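Source file: protein_9.txt (compact mmCIF, C-alpha atoms)
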```txt
# COMPACT_ATOMS: atom_id res chain seq x y z
CA MET A 1 90.19 38.62 140.64
CA ALA A 2 88.87 42.17 140.43
CA ARG A 3 91.70 42.93 138.05
CA ALA A 4 90.57 40.13 135.76
CA LEU A 5 87.15 41.72 135.33
CA SER A 6 88.75 44.65 133.51
CA TYR A 7 89.95 42.30 130.74
CA ILE A 8 87.24 40.72 128.66
CA ASN A 9 88.81 40.56 125.20
CA GLY A 10 91.84 38.70 123.76
CA ASN A 11 94.68 37.73 121.01
CA PRO A 12 96.72 35.41 118.33
CA MET A 13 98.74 32.25 118.49
CA SER A 14 101.69 30.06 117.70
CA LEU A 15 103.33 26.99 119.06
CA VAL A 16 106.10 26.07 121.43
CA ALA A 17 107.11 22.46 121.93
CA PHE A 18 105.67 21.14 125.16
CA ARG A 19 108.22 20.76 127.93
CA PRO A 20 106.94 19.41 131.22
CA ASN A 21 108.07 21.45 134.21
CA PRO A 22 107.86 19.49 137.48
CA SER A 23 108.53 22.63 139.51
CA ARG A 24 105.24 24.27 138.55
CA PRO A 25 102.36 21.76 138.60
CA SER A 26 98.84 22.84 137.80
CA GLY A 27 96.43 22.91 140.72
CA PHE A 28 93.72 20.94 138.94
CA LEU A 29 96.19 18.46 137.53
CA LEU A 30 97.46 17.67 140.99
CA ARG A 31 94.03 16.27 141.74
CA CYS A 32 93.29 14.82 138.31
CA ARG A 33 96.49 14.43 136.32
CA PRO A 34 95.76 13.67 132.65
CA LEU A 35 97.81 10.94 131.09
CA LYS A 36 100.17 12.44 128.52
CA VAL A 37 99.87 10.51 125.29
CA ALA A 38 103.22 9.74 123.67
CA MET A 39 103.21 10.60 119.97
CA SER A 40 105.68 9.42 117.33
CA CYS A 41 107.54 12.15 115.49
CA ASN A 42 105.52 11.69 112.30
CA GLN A 43 102.17 12.36 113.99
CA SER A 44 100.81 15.85 113.66
CA TYR A 45 100.81 18.58 116.25
CA LEU A 46 97.02 18.76 116.07
CA VAL A 47 96.65 15.03 116.70
CA SER A 48 98.91 15.19 119.77
CA ILE A 49 96.88 18.05 121.26
CA ASN A 50 93.57 16.29 120.68
CA ALA A 51 94.93 13.11 122.28
CA ASP A 52 95.84 15.03 125.43
CA ILE A 53 92.44 16.74 125.54
CA ASP A 54 90.71 13.37 125.18
CA ALA A 55 92.82 11.90 127.99
CA HIS A 56 92.03 14.85 130.24
CA LEU A 57 88.29 14.61 129.55
CA LYS A 58 88.12 10.87 130.06
CA GLN A 59 89.54 11.31 133.53
CA ALA A 60 87.20 14.22 134.27
CA ILE A 61 84.00 12.54 133.05
CA LEU A 62 84.24 9.23 134.83
CA VAL A 63 81.13 7.07 134.57
CA ARG A 64 79.95 7.09 138.18
CA GLU A 65 76.81 7.48 140.21
CA PRO A 66 74.29 8.64 139.33
CA LEU A 67 74.69 6.55 136.18
CA SER A 68 71.56 8.08 134.69
CA VAL A 69 73.46 11.37 134.50
CA TYR A 70 77.09 10.45 133.86
CA GLU A 71 76.58 7.69 131.29
CA PRO A 72 74.74 9.92 128.77
CA MET A 73 77.08 12.82 129.57
CA HIS A 74 80.12 10.69 128.77
CA HIS A 75 78.50 9.28 125.63
CA LEU A 76 77.28 12.61 124.20
CA THR A 77 80.58 14.36 124.90
CA PHE A 78 82.55 11.91 122.78
CA ALA A 79 79.76 11.29 120.25
CA ALA A 80 79.87 14.91 119.12
CA PRO A 81 82.27 15.45 116.21
CA ARG A 82 85.65 16.88 117.05
CA ASN A 83 85.92 20.66 116.83
CA THR A 84 89.20 22.49 116.25
CA ALA A 85 88.58 25.23 118.83
CA PRO A 86 89.87 23.27 121.87
CA ALA A 87 93.12 22.38 120.10
CA LEU A 88 93.50 26.01 119.06
CA CYS A 89 93.30 26.98 122.74
CA VAL A 90 96.24 24.73 123.59
CA ALA A 91 98.26 25.85 120.55
CA ALA A 92 97.76 29.52 121.49
CA CYS A 93 98.97 28.84 125.01
CA GLU A 94 102.12 27.16 123.75
CA LEU A 95 102.67 29.87 121.16
CA VAL A 96 102.97 32.62 123.76
CA GLY A 97 105.34 30.53 125.90
CA GLY A 98 102.93 28.65 128.15
CA HIS A 99 102.83 24.93 128.88
CA ARG A 100 100.18 22.56 127.60
CA ASP A 101 98.86 21.60 131.02
CA GLN A 102 97.95 25.23 131.67
CA ALA A 103 95.41 25.16 128.82
CA LEU A 104 94.01 21.62 129.04
CA PRO A 105 91.20 22.47 131.50
CA ALA A 106 90.04 25.37 129.31
CA ALA A 107 90.36 23.28 126.16
CA SER A 108 88.31 20.52 127.80
CA ALA A 109 85.69 23.07 128.82
CA LEU A 110 85.47 24.31 125.22
CA ARG A 111 85.07 20.75 124.00
CA LEU A 112 82.18 20.27 126.44
CA ILE A 113 80.54 23.57 125.50
CA TYR A 114 80.58 22.55 121.85
CA ALA A 115 79.28 19.05 122.67
CA ALA A 116 76.36 20.56 124.60
CA SER A 117 75.53 22.89 121.72
CA PHE A 118 75.83 20.08 119.17
CA THR A 119 73.58 17.83 121.26
CA HIS A 120 70.86 20.46 121.44
CA GLU A 121 71.16 21.32 117.75
CA HIS A 122 70.86 17.68 116.68
CA LEU A 123 68.03 16.50 118.87
CA PRO A 124 65.62 14.26 116.95
CA LEU A 125 62.98 16.25 115.06
CA THR A 126 65.00 19.49 115.16
CA GLU A 127 66.25 21.27 112.06
CA SER A 128 69.79 22.51 111.44
CA SER A 129 71.50 24.38 108.62
CA ARG A 130 74.46 22.03 108.96
CA PRO A 131 74.82 18.76 107.09
CA LYS A 132 72.93 15.91 108.77
CA SER A 133 74.88 14.41 111.64
CA THR A 134 75.70 10.73 111.84
CA ILE A 135 75.46 10.80 115.64
CA GLN A 136 73.74 7.74 117.07
CA HIS A 137 70.83 8.65 119.32
CA VAL A 138 71.32 6.10 122.08
CA TYR A 139 69.09 8.07 124.43
CA GLY A 140 65.71 9.66 123.92
CA PRO A 141 65.28 13.38 123.12
CA ASN A 142 64.29 14.24 126.70
CA ILE A 143 67.49 12.70 128.11
CA GLU A 144 69.62 14.33 125.42
CA LEU A 145 68.05 17.71 126.12
CA LEU A 146 68.66 17.43 129.87
CA THR A 147 72.17 16.08 129.39
CA GLY A 148 73.09 18.97 127.12
CA ASP A 149 71.97 21.31 129.89
CA ALA A 150 74.14 19.41 132.39
CA ILE A 151 77.28 19.45 130.25
CA THR A 152 77.68 23.24 130.22
CA PRO A 153 77.94 23.82 133.99
CA PHE A 154 80.20 20.76 134.23
CA ALA A 155 82.54 22.46 131.73
CA LEU A 156 82.78 25.51 134.00
CA GLU A 157 83.36 23.25 136.99
CA ILE A 158 86.37 21.66 135.27
CA LEU A 159 87.76 25.10 134.47
CA SER A 160 87.20 26.45 138.00
CA LYS A 161 89.19 23.55 139.48
CA SER A 162 92.27 24.75 137.61
CA ASP A 163 92.34 27.81 139.88
CA ASP A 164 95.32 27.26 142.16
CA PRO A 165 96.34 29.98 144.68
CA THR A 166 99.88 28.59 144.77
CA LEU A 167 100.25 29.41 141.07
CA ASN A 168 98.63 32.83 141.39
CA ASN A 169 96.45 32.13 138.33
CA SER A 170 93.05 33.16 139.72
CA ASP A 171 92.80 36.30 137.58
CA ARG A 172 93.58 34.36 134.41
CA VAL A 173 91.09 31.59 135.20
CA LEU A 174 88.34 34.09 136.00
CA ARG A 175 89.03 36.00 132.81
CA VAL A 176 88.87 32.79 130.77
CA MET A 177 85.55 31.86 132.39
CA ILE A 178 84.17 35.24 131.32
CA GLU A 179 85.49 34.72 127.79
CA ILE A 180 83.90 31.28 127.47
CA THR A 181 80.50 32.25 128.88
CA ARG A 182 80.34 35.26 126.55
CA ALA A 183 81.31 33.19 123.50
CA ALA A 184 78.80 30.46 124.33
CA GLY A 185 75.95 32.84 125.11
CA SER A 186 73.76 35.41 123.41
CA GLN A 187 76.74 37.40 122.09
CA GLY A 188 78.29 34.40 120.38
CA MET A 189 77.15 30.85 119.63
CA ILE A 190 73.49 31.39 120.59
CA HIS A 191 73.44 34.48 118.37
CA GLY A 192 74.81 32.36 115.53
CA GLN A 193 72.18 29.69 116.08
CA TYR A 194 69.50 32.38 115.98
CA HIS A 195 70.64 33.27 112.46
CA MET A 196 70.40 29.58 111.53
CA VAL A 197 66.78 29.17 112.59
CA GLU A 198 65.37 32.64 111.90
CA PRO A 199 64.04 33.03 108.32
CA PRO A 200 66.27 35.45 106.35
CA CYS A 201 64.93 38.82 105.29
CA GLN A 202 63.46 38.99 101.81
CA SER A 203 65.84 40.23 99.13
CA ASP A 204 65.79 40.63 95.36
CA ASN A 205 69.01 38.61 95.22
CA LYS A 206 68.00 35.48 97.12
CA GLU A 207 71.36 33.74 96.65
CA SER A 208 73.31 36.74 97.98
CA SER A 209 70.93 37.08 100.92
CA HIS A 210 71.26 33.39 101.76
CA ILE A 211 75.06 33.49 101.73
CA GLY A 212 75.01 36.67 103.79
CA GLU A 213 72.91 34.96 106.47
CA ILE A 214 75.27 31.98 106.52
CA GLU A 215 78.27 34.30 106.80
CA ARG A 216 76.74 36.09 109.80
CA ALA A 217 75.84 32.80 111.45
CA CYS A 218 79.36 31.42 110.97
CA GLU A 219 80.97 34.57 112.33
CA LYS A 220 78.95 34.32 115.53
CA TYR A 221 79.03 30.54 115.98
CA GLU A 222 82.30 29.03 114.75
CA GLY A 223 84.03 32.40 114.55
CA GLU A 224 83.35 33.48 118.13
CA LEU A 225 84.07 29.98 119.47
CA HIS A 226 87.50 29.84 117.82
CA ALA A 227 88.26 33.47 118.70
CA CYS A 228 87.47 32.68 122.32
CA ALA A 229 89.62 29.54 122.24
CA ALA A 230 92.67 31.34 120.89
CA ALA A 231 92.22 34.20 123.35
CA CYS A 232 91.82 31.85 126.32
CA GLY A 233 94.95 29.91 125.43
CA SER A 234 97.05 33.04 125.15
CA ILE A 235 95.66 34.41 128.42
CA LEU A 236 96.49 31.21 130.28
CA GLY A 237 99.93 31.05 128.65
CA GLY A 238 100.80 34.54 129.89
CA GLY A 239 100.52 36.40 126.57
CA ASN A 240 100.45 40.19 126.55
CA GLU A 241 97.36 42.11 125.46
CA ASP A 242 98.59 42.62 121.91
CA GLU A 243 99.27 38.89 121.50
CA ILE A 244 95.89 38.00 122.98
CA GLU A 245 94.02 40.28 120.57
CA LYS A 246 95.94 39.10 117.53
CA LEU A 247 95.23 35.49 118.37
CA ARG A 248 91.58 36.31 118.95
CA SER A 249 91.36 37.76 115.45
CA TYR A 250 93.18 34.77 113.99
CA GLY A 251 90.67 32.44 115.63
CA LEU A 252 87.74 34.48 114.40
CA TYR A 253 88.87 34.30 110.77
CA MET A 254 89.74 30.61 110.92
CA GLY A 255 86.50 29.66 112.65
CA LYS A 256 84.43 31.66 110.20
CA MET A 257 86.23 29.98 107.31
CA LEU A 258 85.54 26.53 108.76
CA GLY A 259 81.86 27.30 109.32
CA MET A 260 81.31 28.55 105.80
CA MET A 261 83.00 25.51 104.29
CA ASN A 262 80.75 23.27 106.37
CA ARG A 263 77.53 25.03 105.42
CA ILE A 264 78.10 26.16 101.85
CA GLY A 265 80.30 23.33 100.58
CA SER A 266 83.75 23.36 99.02
CA ASN A 267 82.33 23.29 95.46
CA ASP A 268 80.58 26.65 95.73
CA LYS A 269 82.12 29.02 93.19
CA GLY A 270 82.04 32.00 95.55
CA LEU A 271 83.53 30.12 98.49
CA THR A 272 87.10 29.97 97.20
CA LYS A 273 87.38 33.75 97.09
CA MET A 274 85.94 34.14 100.59
CA VAL A 275 88.22 31.47 102.03
CA ASP A 276 91.28 33.08 100.44
CA GLU A 277 90.32 36.46 101.89
CA LEU A 278 89.82 35.01 105.35
CA ARG A 279 93.08 33.07 105.18
CA ASN A 280 94.98 36.22 104.19
CA LEU A 281 93.45 38.13 107.09
CA ALA A 282 94.33 35.31 109.48
CA THR A 283 97.92 35.14 108.21
CA LYS A 284 98.42 38.86 108.84
CA GLU A 285 97.47 38.40 112.49
CA LEU A 286 100.36 35.97 112.97
CA SER A 287 102.99 38.10 111.25
CA CYS A 288 104.55 39.27 114.53
CA PHE A 289 105.18 35.75 115.79
CA ASP A 290 108.11 33.41 115.22
CA GLU A 291 108.02 32.26 111.61
CA ALA A 292 108.76 28.61 112.37
CA LYS A 293 106.01 28.44 114.97
CA VAL A 294 103.52 30.14 112.67
CA LYS A 295 104.32 27.64 109.92
CA ALA A 296 103.71 24.73 112.29
CA ILE A 297 100.32 26.09 113.30
CA SER A 298 99.29 26.97 109.76
CA THR A 299 100.26 23.51 108.55
CA SER A 300 98.31 21.79 111.31
CA PHE A 301 95.16 23.89 111.49
CA GLU A 302 94.63 25.28 107.99
CA SER A 303 95.24 21.93 106.33
CA ASP A 304 92.74 20.37 108.75
CA PHE A 305 90.17 23.04 107.85
CA MET A 306 90.67 22.46 104.15
CA CYS A 307 89.89 18.77 104.55
CA VAL A 308 86.37 19.50 105.75
```

Could the structure of this file be written out as structure tokens, please?
Amino acid sequence: MARALSYINGNPMSLVAFRPNPSRPSGFLLRCRPLKVAMSCNQSYLVSINADIDAHLKQAILVREPLSVYEPMHHLTFAAPRNTAPALCVAACELVGGHRDQALPAASALRLIYAASFTHEHLPLTESSRPKSTIQHVYGPNIELLTGDAITPFALEILSKSDDPTLNNSDRVLRVMIEITRAAGSQGMIHGQYHMVEPPCQSDNKESSHIGEIERACEKYEGELHACAAACGSILGGGNEDEIEKLRSYGLYMGKMLGMMNRIGSNDKGLTKMVDELRNLATKELSCFDEAKVKAISTSFESDFMCV
């Protein structure tokens, strides 16, 4: 594990078709095996990944005693809108030659981290720079606040259970835990949220200043979350340092693009240029990977982003 502490940054992604390998089971999955969801050939790669993440989470967050804790946790996890970062984690793992089950615990943890952040950001009577959420507030603000606090450590618990000495993956799991806590904390998502709530500095060009603040917020929030996801997947899949860093950059650009589209709107005249620039930067990060795999990822993820 000491060796893992010397690696805190990471790289790009691509996809390899999932092939179950009975000879190398995951430690966590031995105790809580997610049901693999069979997908027809015409369903997208992204849909198949999200189905497996959902299945994994539904087994992890069983509604049990104390019901006052697990019922709202289960509800708020699946009430939050789907985010593409967890699926990116799995795709990155498969791109560098790993198997899907290696990344599902980390992807589930990322889904929970985002759900906790979304819950806090959309508490009743709180303001957000994002479009108004359609989430149904089944519980009161006090319960939602406490449940959001409970979801984050539960995410790390799920990830820690994937540490299996028989697979010699302790260094990778520890490194991924460091990646996720950094991305979710003051150097990532919290920093982005600070930009959302802090009044922007006065500027002669108010429109330019406003867009600049949104760009900084998106880089830290969606950008860092997706960068972390891609890096974590490639770490768990056994990618080398160059692959990890390239995938990290890819995730950063794609996450930033998604965030800006959400906050500015697809009809903004300056957005098209920014999105094209970010997409070009992201594409360059995948240039060293297999062309067919890169095309599969681009088709799945970029088309999903453009539908926002």

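Using all atoms listed in the file for every distance, the candidate list A:Pro81, A:Leu271, A:Cys89, A:Phe154 yields A:Cys89 as the residue closest to Leu247 of chain A.
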
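One distance worth recording is that between atom CA of Ile211 of chain A and atom CA of Arg263 of chain A, which is 9.6 Å.
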
Test item: which residues lie within 12 Å of (78.4, 34.2, 116.1) counting only C-alpha atoms, as a CSV table (one decimal) with C-alpha atoms, in the coordinates of the input:
```
chain,number,residue,atom,x,y,z
A,182,ARG,CA,80.3,35.3,126.6
A,183,ALA,CA,81.3,33.2,123.5
A,184,ALA,CA,78.8,30.5,124.3
A,185,GLY,CA,76.0,32.8,125.1
A,186,SER,CA,73.8,35.4,123.4
A,187,GLN,CA,76.7,37.4,122.1
A,188,GLY,CA,78.3,34.4,120.4
A,189,MET,CA,77.2,30.8,119.6
A,190,ILE,CA,73.5,31.4,120.6
A,191,HIS,CA,73.4,34.5,118.4
A,192,GLY,CA,74.8,32.4,115.5
A,193,GLN,CA,72.2,29.7,116.1
A,194,TYR,CA,69.5,32.4,116.0
A,195,HIS,CA,70.6,33.3,112.5
A,196,MET,CA,70.4,29.6,111.5
A,213,GLU,CA,72.9,35.0,106.5
A,214,ILE,CA,75.3,32.0,106.5
A,215,GLU,CA,78.3,34.3,106.8
A,216,ARG,CA,76.7,36.1,109.8
A,217,ALA,CA,75.8,32.8,111.4
A,218,CYS,CA,79.4,31.4,111.0
A,219,GLU,CA,81.0,34.6,112.3
A,220,LYS,CA,79.0,34.3,115.5
A,221,TYR,CA,79.0,30.5,116.0
A,222,GLU,CA,82.3,29.0,114.8
A,223,GLY,CA,84.0,32.4,114.6
A,224,GLU,CA,83.4,33.5,118.1
A,225,LEU,CA,84.1,30.0,119.5
A,226,HIS,CA,87.5,29.8,117.8
A,227,ALA,CA,88.3,33.5,118.7
A,228,CYS,CA,87.5,32.7,122.3
A,252,LEU,CA,87.7,34.5,114.4
A,253,TYR,CA,88.9,34.3,110.8
A,255,GLY,CA,86.5,29.7,112.6
A,256,LYS,CA,84.4,31.7,110.2
A,259,GLY,CA,81.9,27.3,109.3
```

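The interatomic distance for the pair atom CA of Leu281 of chain A and atom CA of Phe118 of chain A works out to 28.0 Å.
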
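Computed from the coordinates, the atom CA of Glu65 of chain A to atom CA of Thr152 of chain A distance equals 18.7 Å.
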
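For Cys93 of chain A, the non-local neighbours within 7 Å, defined as residues at least 5 positions apart in the same chain or in other chains and counting only C-alpha atoms, are A:Gly98, A:His99, A:Arg100, A:Ala103, A:Gly233, A:Ser234, A:Leu236, A:Gly237.
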
Counting only C-alpha atoms, what is within 12 Å of Leu286 of chain A, bar same-chain residues fewer than 5 positions away, as a ChimeraX atom specification? /A:11-15,92,95-96,230,242-251,253,279-281,291-298
